[in-house]
Structures are given as C-alpha cells and as structure tokens.
>>> print(open('input.cif').read())   # mmCIF, C-alpha atoms and all ligand atoms
data_entry
loop_
_atom_site.label_atom_id
_atom_site.label_comp_id
_atom_site.auth_asym_id
_atom_site.auth_seq_id
_atom_site.Cartn_x
_atom_site.Cartn_y
_atom_site.Cartn_z
CA MET A 934 25.07 33.75 -54.88
CA LYS A 935 27.28 36.81 -54.30
CA THR A 936 24.78 38.92 -56.23
CA THR A 937 21.61 37.53 -54.61
CA LYS A 938 19.68 40.40 -53.04
CA ILE A 939 19.42 39.67 -49.33
CA GLY A 940 17.53 41.91 -46.89
CA PHE A 941 17.70 41.88 -43.09
CA ILE A 942 14.83 43.13 -40.94
CA GLY A 943 16.60 44.18 -37.75
CA GLY A 944 20.26 45.23 -37.79
CA GLY A 945 21.37 44.26 -34.28
CA ASN A 946 24.09 41.92 -33.03
CA MET A 947 23.29 38.80 -35.03
CA ALA A 948 22.39 40.64 -38.26
CA ALA A 949 25.63 42.63 -38.02
CA SER A 950 27.62 39.41 -37.56
CA LEU A 951 26.00 37.84 -40.63
CA LEU A 952 26.29 41.00 -42.74
CA ASN A 953 29.97 41.46 -41.82
CA GLY A 954 30.58 37.81 -42.64
CA LEU A 955 28.77 38.03 -45.97
CA VAL A 956 30.73 41.11 -47.02
CA ALA A 957 34.01 39.55 -45.83
CA SER A 958 33.24 36.43 -47.86
CA GLY A 959 32.87 38.54 -51.01
CA HIS A 960 29.13 39.22 -51.19
CA GLU A 961 28.48 42.39 -53.17
CA PRO A 962 27.60 45.05 -50.51
CA LYS A 963 25.14 46.81 -52.80
CA GLN A 964 23.08 43.60 -52.96
CA LEU A 965 22.64 43.65 -49.18
CA TRP A 966 19.87 45.57 -47.39
CA VAL A 967 19.03 46.16 -43.75
CA SER A 968 16.20 47.94 -41.97
CA ASP A 969 16.10 48.91 -38.31
CA ILE A 970 14.19 51.36 -36.14
CA ASN A 971 17.43 52.78 -34.79
CA PRO A 972 19.09 55.36 -37.13
CA GLU A 973 22.42 55.05 -35.30
CA THR A 974 22.54 51.30 -35.91
CA LEU A 975 21.87 51.91 -39.60
CA ALA A 976 24.48 54.67 -39.85
CA ASN A 977 27.13 52.33 -38.39
CA LEU A 978 26.25 49.49 -40.74
CA SER A 979 26.27 51.82 -43.72
CA ALA A 980 29.61 53.39 -42.77
CA ASN A 981 31.31 50.07 -41.98
CA LEU A 982 29.95 47.91 -44.77
CA ASN A 983 28.65 50.25 -47.48
CA ILE A 984 25.37 48.29 -47.65
CA ASN A 985 21.87 49.70 -48.27
CA VAL A 986 20.10 50.85 -45.11
CA THR A 987 16.58 52.09 -44.43
CA GLN A 988 14.16 52.57 -41.56
CA SER A 989 11.40 51.02 -43.68
CA ASN A 990 10.97 47.25 -43.41
CA LYS A 991 8.69 47.34 -46.45
CA GLU A 992 11.39 49.00 -48.56
CA VAL A 993 13.69 46.07 -47.81
CA ILE A 994 11.01 43.52 -48.79
CA ALA A 995 10.46 45.32 -52.10
CA ALA A 996 14.19 45.33 -52.92
CA VAL A 997 15.32 41.76 -52.22
CA ASP A 998 15.02 38.08 -53.16
CA VAL A 999 15.52 36.71 -49.64
CA VAL A 1000 14.25 38.28 -46.41
CA VAL A 1001 16.06 37.49 -43.15
CA LEU A 1002 14.02 38.14 -40.01
CA ALA A 1003 16.55 39.26 -37.41
CA VAL A 1004 14.52 41.08 -34.76
CA LYS A 1005 14.04 39.90 -31.18
CA PRO A 1006 11.58 36.99 -30.84
CA GLN A 1007 9.24 39.14 -28.72
CA ILE A 1008 8.54 41.57 -31.57
CA LEU A 1009 8.63 39.14 -34.47
CA ALA A 1010 4.83 38.69 -34.59
CA GLN A 1011 4.32 42.43 -34.94
CA VAL A 1012 7.00 42.70 -37.65
CA ALA A 1013 5.76 39.64 -39.55
CA LYS A 1014 2.21 40.96 -39.60
CA GLU A 1015 3.48 44.34 -40.83
CA ILE A 1016 5.36 42.84 -43.80
CA CYS A 1017 3.19 39.83 -44.73
CA HIS A 1018 1.16 41.69 -47.36
CA CYS A 1019 4.28 42.98 -49.10
CA LEU A 1020 5.90 39.57 -49.62
CA GLN A 1021 5.79 38.05 -53.11
CA PRO A 1022 4.36 34.50 -53.15
CA ASN A 1023 7.74 32.88 -53.78
CA GLN A 1024 9.91 35.26 -51.77
CA MET A 1025 11.84 33.15 -49.28
CA VAL A 1026 11.87 34.18 -45.63
CA VAL A 1027 14.72 33.05 -43.37
CA SER A 1028 14.05 33.46 -39.65
CA ILE A 1029 16.95 33.45 -37.21
CA ALA A 1030 14.76 34.06 -34.15
CA ALA A 1031 15.20 31.70 -31.21
CA GLY A 1032 12.07 29.82 -30.18
CA ILE A 1033 9.76 30.98 -32.99
CA THR A 1034 8.29 27.95 -34.71
CA GLN A 1035 7.45 27.36 -38.35
CA ALA A 1036 3.79 27.17 -37.25
CA SER A 1037 3.89 30.67 -35.73
CA LEU A 1038 5.74 32.10 -38.73
CA ARG A 1039 3.27 30.48 -41.10
CA LYS A 1040 0.37 31.95 -39.13
CA TRP A 1041 1.85 35.47 -39.11
CA LEU A 1042 3.08 35.46 -42.72
CA CYS A 1043 1.09 33.76 -45.46
CA PRO A 1044 0.51 29.97 -45.48
CA GLU A 1045 2.30 29.68 -48.85
CA THR A 1046 5.47 31.55 -47.81
CA PRO A 1047 8.63 29.46 -48.21
CA ILE A 1048 10.21 29.64 -44.75
CA VAL A 1049 13.62 28.49 -43.59
CA ARG A 1050 14.08 28.63 -39.85
CA CYS A 1051 17.67 28.60 -38.71
CA MET A 1052 19.88 29.08 -35.69
CA PRO A 1053 23.21 30.77 -36.46
CA ASN A 1054 25.75 32.10 -33.96
CA THR A 1055 27.83 35.26 -33.64
CA PRO A 1056 31.18 33.75 -34.82
CA ALA A 1057 29.62 34.27 -38.28
CA LEU A 1058 31.27 37.67 -37.84
CA VAL A 1059 34.67 36.04 -38.36
CA LEU A 1060 33.45 33.43 -40.86
CA THR A 1061 33.47 30.62 -38.30
CA GLY A 1062 29.73 30.52 -37.61
CA ALA A 1063 27.76 27.34 -36.99
CA THR A 1064 24.19 27.24 -38.27
CA ALA A 1065 21.48 24.58 -38.30
CA LEU A 1066 18.58 25.02 -40.71
CA HIS A 1067 15.06 23.65 -41.10
CA ALA A 1068 12.81 24.23 -44.15
CA ASN A 1069 9.03 24.09 -44.44
CA ASP A 1070 7.36 22.21 -47.28
CA ARG A 1071 7.02 25.36 -49.42
CA VAL A 1072 10.77 25.76 -49.83
CA SER A 1073 11.95 24.59 -53.26
CA PRO A 1074 15.23 22.65 -53.66
CA GLU A 1075 16.76 25.78 -55.25
CA GLN A 1076 15.69 27.92 -52.28
CA ARG A 1077 17.08 25.31 -49.88
CA ASP A 1078 20.41 25.50 -51.68
CA LEU A 1079 20.30 29.29 -51.58
CA ALA A 1080 19.60 29.43 -47.84
CA GLU A 1081 22.39 26.95 -47.19
CA THR A 1082 24.79 28.87 -49.43
CA ILE A 1083 24.07 32.14 -47.59
CA LEU A 1084 24.78 30.62 -44.17
CA ARG A 1085 27.73 28.61 -45.46
CA ALA A 1086 29.33 31.87 -46.59
CA VAL A 1087 29.87 32.66 -42.91
CA GLY A 1088 30.76 29.23 -41.50
CA ILE A 1089 29.34 25.72 -41.44
CA ALA A 1090 25.66 25.04 -42.15
CA LEU A 1091 23.74 21.82 -41.67
CA TRP A 1092 20.08 20.78 -41.93
CA VAL A 1093 18.06 19.22 -39.15
CA GLN A 1094 15.22 16.87 -40.02
CA ASN A 1095 12.95 17.70 -37.10
CA GLU A 1096 12.21 21.29 -36.21
CA SER A 1097 12.33 20.42 -32.50
CA GLU A 1098 16.09 19.80 -32.86
CA LEU A 1099 16.51 23.58 -33.20
CA ASP A 1100 15.75 23.94 -29.48
CA ALA A 1101 18.80 21.80 -28.70
CA VAL A 1102 20.87 23.59 -31.36
CA THR A 1103 19.98 26.93 -29.75
CA ALA A 1104 21.18 25.65 -26.38
CA VAL A 1105 24.39 24.17 -27.81
CA SER A 1106 25.72 26.42 -30.59
CA GLY A 1107 23.34 29.41 -30.69
CA SER A 1108 24.08 30.36 -27.09
CA GLY A 1109 27.35 28.40 -27.03
CA PRO A 1110 29.79 31.24 -27.75
CA ALA A 1111 28.64 32.90 -24.50
CA TYR A 1112 29.62 29.80 -22.48
CA PHE A 1113 33.17 29.93 -23.81
CA PHE A 1114 33.34 33.69 -23.16
CA LEU A 1115 32.11 33.06 -19.60
CA LEU A 1116 34.95 30.60 -19.04
CA MET A 1117 37.44 33.05 -20.55
CA GLU A 1118 36.08 35.83 -18.34
CA ALA A 1119 36.42 33.72 -15.20
CA MET A 1120 39.92 32.50 -16.14
CA GLU A 1121 41.07 36.06 -16.84
CA LYS A 1122 39.86 37.27 -13.44
CA VAL A 1123 41.75 34.52 -11.64
CA ALA A 1124 44.87 34.88 -13.79
CA VAL A 1125 45.09 38.51 -12.65
CA GLU A 1126 44.64 37.39 -9.02
CA LEU A 1127 47.51 34.97 -9.62
CA GLY A 1128 49.74 37.88 -10.60
CA LEU A 1129 49.51 38.20 -14.40
CA SER A 1130 48.73 41.52 -16.03
CA GLU A 1131 45.29 41.74 -17.64
CA ALA A 1132 46.83 42.05 -21.11
CA THR A 1133 49.06 39.00 -20.64
CA ALA A 1134 46.22 36.96 -19.15
CA ARG A 1135 43.82 37.85 -21.95
CA LEU A 1136 46.28 37.03 -24.72
CA LEU A 1137 47.28 33.70 -23.18
CA ILE A 1138 43.63 32.71 -22.69
CA GLN A 1139 42.58 33.76 -26.21
CA GLN A 1140 45.42 31.83 -27.82
CA THR A 1141 44.76 28.81 -25.62
CA ALA A 1142 41.07 28.80 -26.59
CA LEU A 1143 41.99 29.09 -30.27
CA GLY A 1144 44.57 26.31 -29.97
CA ALA A 1145 42.18 24.00 -28.13
CA ALA A 1146 39.43 24.60 -30.73
CA LYS A 1147 41.85 24.02 -33.61
CA ILE A 1148 43.26 20.81 -32.19
CA ALA A 1149 39.74 19.54 -31.43
CA LEU A 1150 38.67 20.27 -35.02
CA GLU A 1151 41.75 18.81 -36.67
CA SER A 1152 42.33 15.74 -34.51
CA PRO A 1153 40.35 12.51 -34.91
CA GLU A 1154 40.50 12.05 -31.12
CA SER A 1155 37.57 12.79 -28.80
CA PRO A 1156 37.68 15.83 -26.49
CA GLY A 1157 38.06 13.38 -23.58
CA GLU A 1158 41.22 11.88 -25.10
CA LEU A 1159 42.62 15.33 -25.94
CA ARG A 1160 42.02 16.37 -22.35
CA ARG A 1161 43.81 13.27 -21.04
CA ARG A 1162 46.86 14.14 -23.19
CA VAL A 1163 47.21 17.44 -21.32
CA THR A 1164 46.74 15.78 -17.95
CA SER A 1165 50.04 14.37 -16.73
CA PRO A 1166 49.48 11.92 -13.84
CA GLY A 1167 50.13 13.71 -10.56
CA GLY A 1168 50.64 17.01 -12.37
CA THR A 1169 48.98 20.43 -12.38
CA THR A 1170 46.09 19.77 -14.80
CA GLN A 1171 44.94 16.78 -12.76
CA GLN A 1172 44.57 19.05 -9.73
CA ALA A 1173 42.45 21.49 -11.72
CA ILE A 1174 40.28 18.83 -13.39
CA GLU A 1175 39.61 17.06 -10.09
CA THR A 1176 38.62 20.42 -8.59
CA PHE A 1177 36.17 21.01 -11.48
CA GLU A 1178 34.75 17.50 -11.00
CA ARG A 1179 34.36 17.89 -7.23
CA GLY A 1180 32.46 21.13 -7.93
CA GLY A 1181 29.96 19.27 -10.11
CA PHE A 1182 31.15 20.58 -13.48
CA ASP A 1183 29.28 18.02 -15.64
CA GLU A 1184 26.06 18.47 -13.68
CA LEU A 1185 26.30 22.25 -13.98
CA VAL A 1186 26.83 22.09 -17.75
CA SER A 1187 23.86 19.73 -18.00
CA LEU A 1188 21.65 22.05 -15.94
CA ALA A 1189 22.70 25.08 -18.02
CA LEU A 1190 22.06 23.48 -21.41
CA HIS A 1191 18.75 22.02 -20.28
CA ALA A 1192 17.73 25.47 -19.00
CA ALA A 1193 18.56 27.06 -22.39
CA ARG A 1194 16.78 24.26 -24.32
CA ASP A 1195 13.72 24.52 -22.05
CA ARG A 1196 13.61 28.31 -22.46
CA SER A 1197 13.58 27.88 -26.24
CA ILE A 1198 10.60 25.50 -25.95
CA GLU A 1199 8.86 27.81 -23.48
CA MET A 1200 9.31 30.81 -25.81
CA SER A 1201 7.78 28.81 -28.68
CA LYS A 1202 4.75 27.92 -26.58
CA GLN A 1203 4.30 31.49 -25.28
CA MET A 1204 4.45 32.95 -28.79
CA GLU A 1205 2.05 30.36 -30.20
CA ALA A 1206 -0.39 30.99 -27.34
CA ASN A 1207 -0.20 34.82 -27.35
CA THR A 1208 -0.66 35.53 -31.03
N1 LIG B 1301 22.71 37.34 -30.54
C1 LIG B 1301 22.94 36.06 -30.85
O1 LIG B 1301 23.98 35.48 -30.51
C2 LIG B 1301 21.91 35.28 -31.61
C3 LIG B 1301 20.64 35.80 -31.86
N2 LIG B 1301 19.73 35.07 -32.58
C4 LIG B 1301 18.41 35.63 -32.85
O2 LIG B 1301 18.60 36.77 -33.65
C5 LIG B 1301 17.56 37.71 -33.40
C6 LIG B 1301 18.19 39.06 -33.14
O3 LIG B 1301 18.99 38.97 -31.98
P1 LIG B 1301 20.09 40.06 -31.66
O4 LIG B 1301 20.74 40.49 -32.93
O5 LIG B 1301 20.89 39.55 -30.55
O6 LIG B 1301 19.12 41.26 -31.13
P2 LIG B 1301 19.33 42.81 -31.23
O7 LIG B 1301 18.38 43.43 -30.27
O8 LIG B 1301 20.78 43.14 -31.14
O9 LIG B 1301 18.84 43.17 -32.72
C7 LIG B 1301 17.52 43.41 -33.11
C8 LIG B 1301 17.45 44.74 -33.82
O10 LIG B 1301 16.14 44.94 -34.33
C9 LIG B 1301 15.78 46.30 -34.10
N3 LIG B 1301 14.33 46.45 -34.15
C10 LIG B 1301 13.44 46.53 -33.12
N4 LIG B 1301 12.18 46.69 -33.60
C11 LIG B 1301 12.29 46.68 -34.97
C12 LIG B 1301 11.34 46.80 -36.02
N5 LIG B 1301 10.03 46.94 -35.79
N6 LIG B 1301 11.79 46.76 -37.29
C13 LIG B 1301 13.12 46.62 -37.56
N7 LIG B 1301 14.06 46.51 -36.59
C14 LIG B 1301 13.65 46.54 -35.32
C15 LIG B 1301 16.37 46.56 -32.74
O11 LIG B 1301 16.42 47.95 -32.45
P3 LIG B 1301 16.36 48.40 -30.87
O12 LIG B 1301 17.58 47.80 -30.24
O13 LIG B 1301 16.42 49.89 -30.94
O14 LIG B 1301 15.12 47.83 -30.31
C16 LIG B 1301 17.74 45.94 -32.88
O15 LIG B 1301 18.66 46.82 -33.53
C17 LIG B 1301 16.76 37.21 -32.21
O16 LIG B 1301 15.54 36.72 -32.68
C18 LIG B 1301 17.63 36.12 -31.62
O17 LIG B 1301 16.86 35.07 -31.07
C19 LIG B 1301 20.03 33.85 -33.10
C20 LIG B 1301 21.25 33.30 -32.89
C21 LIG B 1301 22.28 33.93 -32.09
O1 LIG B 1302 20.06 34.37 -26.04
C1 LIG B 1302 19.30 34.25 -26.99
O2 LIG B 1302 18.07 34.10 -26.80
C2 LIG B 1302 19.83 34.26 -28.41
C3 LIG B 1302 19.56 32.96 -29.11
C4 LIG B 1302 20.86 32.23 -29.14
C5 LIG B 1302 21.83 33.24 -28.75
N1 LIG B 1302 21.27 34.35 -28.39
#
>>> encode(input="input.cif", output="structure tokens", more="lines below")
Ligand SMILES: NC(=O)C1=CN([C@@H]2O[C@H](COP(=O)(O)OP(=O)(O)OC[C@H]3O[C@@H](n4cnc5c(N)ncnc54)[C@H](OP(=O)(O)O)[C@@H]3O)[C@@H](O)[C@H]2O)C=CC1
Ligand SMILES: O=C(O)[C@@H]1CCC=N1
Amino acid sequence: MKTTKIGFIGGGNMAASLLNGLVASGHEPKQLWVSDINPETLANLSANLNINVTQSNKEVIAAVDVVVLAVKPQILAQVAKEICHCLQPNQMVVSIAAGITQASLRKWLCPETPIVRCMPNTPALVLTGATALHANDRVSPEQRDLAETILRAVGIALWVQNESELDAVTAVSGSGPAYFFLLMEAMEKVAVELGLSEATARLLIQQTALGAAKIALESPESPGELRRRVTSPGGTTQQAIETFERGGFDELVSLALHAARDRSIEMSKQMEANT
C-alpha cells in the first residue's frame, strides 16, 4: 500500500491532513500527488512533505492509481466534469466531499467509475482520524480493501451499509473536531477570566481533553459513568454539570447535530438538482 500512487485534487485543509498523515505513517512521498489552483498551497505541500505537486488536475489523474476528490462540494461538479474523460475505466475515485452523493458523482464522472464516498476528519493529520466509507457497486473487493487501507493509515476507518448514514457521520465525526475546539475555546476564555494565564489555561485544557478522550477510549464504561466518577456529590463538578443542564445542554447538542445533518442532506439535494 505504501507504494500505491495516490493523487489528491484540491490541496486544502482536509487534503493536507490526509497527506501529512499518509507521509507520517510511512507512505512513500514520491507516490503521492496533489493538484490545486493555488501555487502557494502547492509550494507549502511540496516543501513540507516532498510530494509531487501540479496545477493540472489532469496530470494527477494520469499519474496515479487512486484519485481523491478533495475540493469544496460547491465546485466538485465542475472538477468532476473536467477530469471524467481522463479517468481509466478501473481507476478508483475516492470522494471526501460532504453532501455529494454517489448518484451525483456517477452522473458527473462515468457510470462505470468505481467510487468510494467517505467522510474523514482533520485529526487524520495526527494519525487519529475517524473515517466512514461507502462504496458503489463498481468497486471491487481489492479496491475496497485499498480505500480502507489508505484511510486506516491515518486513523480508524469503518464502512457504512447505507449511503444516507454518511449525513449523520458528517454531523458527528466529520464536523465533530470543531465542537471540541469550540468547547476548548470557551473554557480557555473563562479560565483567563478566572485568573489563569492564557498559556496555563490552554495547556491544562489540552491535557484534560486528551486525558478524557484516552480514558473514554480505554475504559469499558460509558461516558455517563465516567462523568459520574468525576462528580463528587455536593462538590464542584456537580455545580458545573447542573448549570450546563439548566442551560439546556442536551437540547443544544441535539439541535446542533440535527442542523449539521440536515445541511448535509440539503447540500446533496441542491447539488443533484443544480447539475
Ligand atoms: N475540513 C474538514 O474538516 C473536512 C472537509 N471535508 C471535505 O473535504 C473537502 C475539502 O474541504 P477543505 O479541505 O476544508 O477545503 P479547502 O478549501 O481548504 O480545500 C480545497 C482546495 O481546493 C482548491 N481548489 C479550488 N478549485 C480547484 C480546482 N478547480 N482544482 C483543484 N483545486 C481547487 C482550493 O483552492 P482555493 O482555496 O484557492 O479556492 C483549496 O486549496 C470538502 O469537500 C469538504 O466537504 C470532509 C471532512 C472534513
Ligand atoms: O464543514 C464542512 O462542511 C466540512 C465537512 C465536515 C467538516 N467540514
């Protein structure tokens, strides 16, 4: 797998996370390609990772075994139509775009193209990504394994049976890192108000987030039980948790995740209707 030629169309945030992760996991940099319209983006990727870079999407297609579509959903139709004639019949396409369905991709590419649609997240950068994948019926078992191996190189990877599950995955783990950063941001602001220096606050919050994630991963207990173990009756945590609950914490999380899931569905419908 480490010598499979993989090409990214679009070298922005998510592509950079995956490329960094692939190189860090031992993938041969010279087997990795990326195209982007922005020369500065390409210069940074080339300098940092020593991978092949080009402004030509078609050059990437011609050089690789697997093509990863990593542009914004809004311009994916245009990019897919530009490259569709250059794809070899069995060349696998992996799309990471939120809210772009297999049906749209099939329409824009060629009906025979093997397509894996997936939803990764930016912690791929530090090899702790979480990705869900869905394959169309043109993807061979070997290509399925290859797609899974690529994403597993940068974290965990699991398959969903129904494509519609990717809307929920996008809301939970695709966007999820931002929710944790939001909480960290808010905690840091208040910690400074409470008298800590910014550096002290940030370090304490980062280590606490890491510790909470590690204990949640390693313990057989549910998050609810782990939370109760921190919450001494009549103590400080109880005050904080009750304040969160009075403020409608669960309802707010529900509203936020539904909004993200609904936006994913809405984007799918808009793209299918407009192209
Ligand atoms: N960011 C995230 O956490 C996640 C993102 N995704 C998905 O990944 C995809 C990329 O997102 P993200 O990395 O955040 O977006 P970015 O905007 O950071 O990256 C997209 C890159 O594509 C470039 N680009 C624009 N037009 C073209 C073109 N015609 N050919 C080649 N490259 C082009 C952009 O350049 P310029 O900026 O100059 O326009 C930009 O560098 C999206 O579809 C998103 O839904 C999925 C999971 C998580
Ligand atoms: O916000 C977005 O649309 C993308 C998809 C998941 C994370 N970022």
>>> closest_residue(input="input.cif", among="A:Gln1076, A:Asn946, A:Asn990, A:Ser1165", to="ligand LIG 1302 (chain B)", atoms="all atoms listed in the file")
A:Asn946
>>> residues_near_ligand(input="input.cif", ligand="ligand LIG 1302 (chain B)", cutoff="12 Å", atoms="all atoms listed in the file", output="PyMOL selection string")
chain A and resi 945-948+1003-1007+1028-1033+1051-1056+1063-1065+1099-1112+1190+1192-1201
>>> residues_around(input="input.cif", residues="Leu978 (chain A)", least_positions_apart="5", cutoff="12 Å", atoms="all atoms listed in the file", output="PyMOL selection string")
chain A and resi 941+943-946+948-953+956+962+965-969+971-973+983-987
>>> atom_distance(input="input.cif", atom1="atom C16 of ligand LIG 1301 (chain B)", atom2="CA of Val1001 (chain A)")
13.4 Å
>>> residues_around(input="input.cif", residues="Arg1085 (chain A)", least_positions_apart="6", cutoff="10 Å", atoms="all atoms listed in the file", output="CSV table (one decimal) with C-alpha atoms, in the coordinates of the input")
chain,number,residue,atom,x,y,z
A,955,LEU,CA,28.8,38.0,-46.0
A,958,SER,CA,33.2,36.4,-47.9
A,1057,ALA,CA,29.6,34.3,-38.3
A,1060,LEU,CA,33.4,33.4,-40.9
A,1061,THR,CA,33.5,30.6,-38.3
A,1062,GLY,CA,29.7,30.5,-37.6
A,1063,ALA,CA,27.8,27.3,-37.0
A,1064,THR,CA,24.2,27.2,-38.3
A,1079,LEU,CA,20.3,29.3,-51.6
A,1091,LEU,CA,23.7,21.8,-41.7
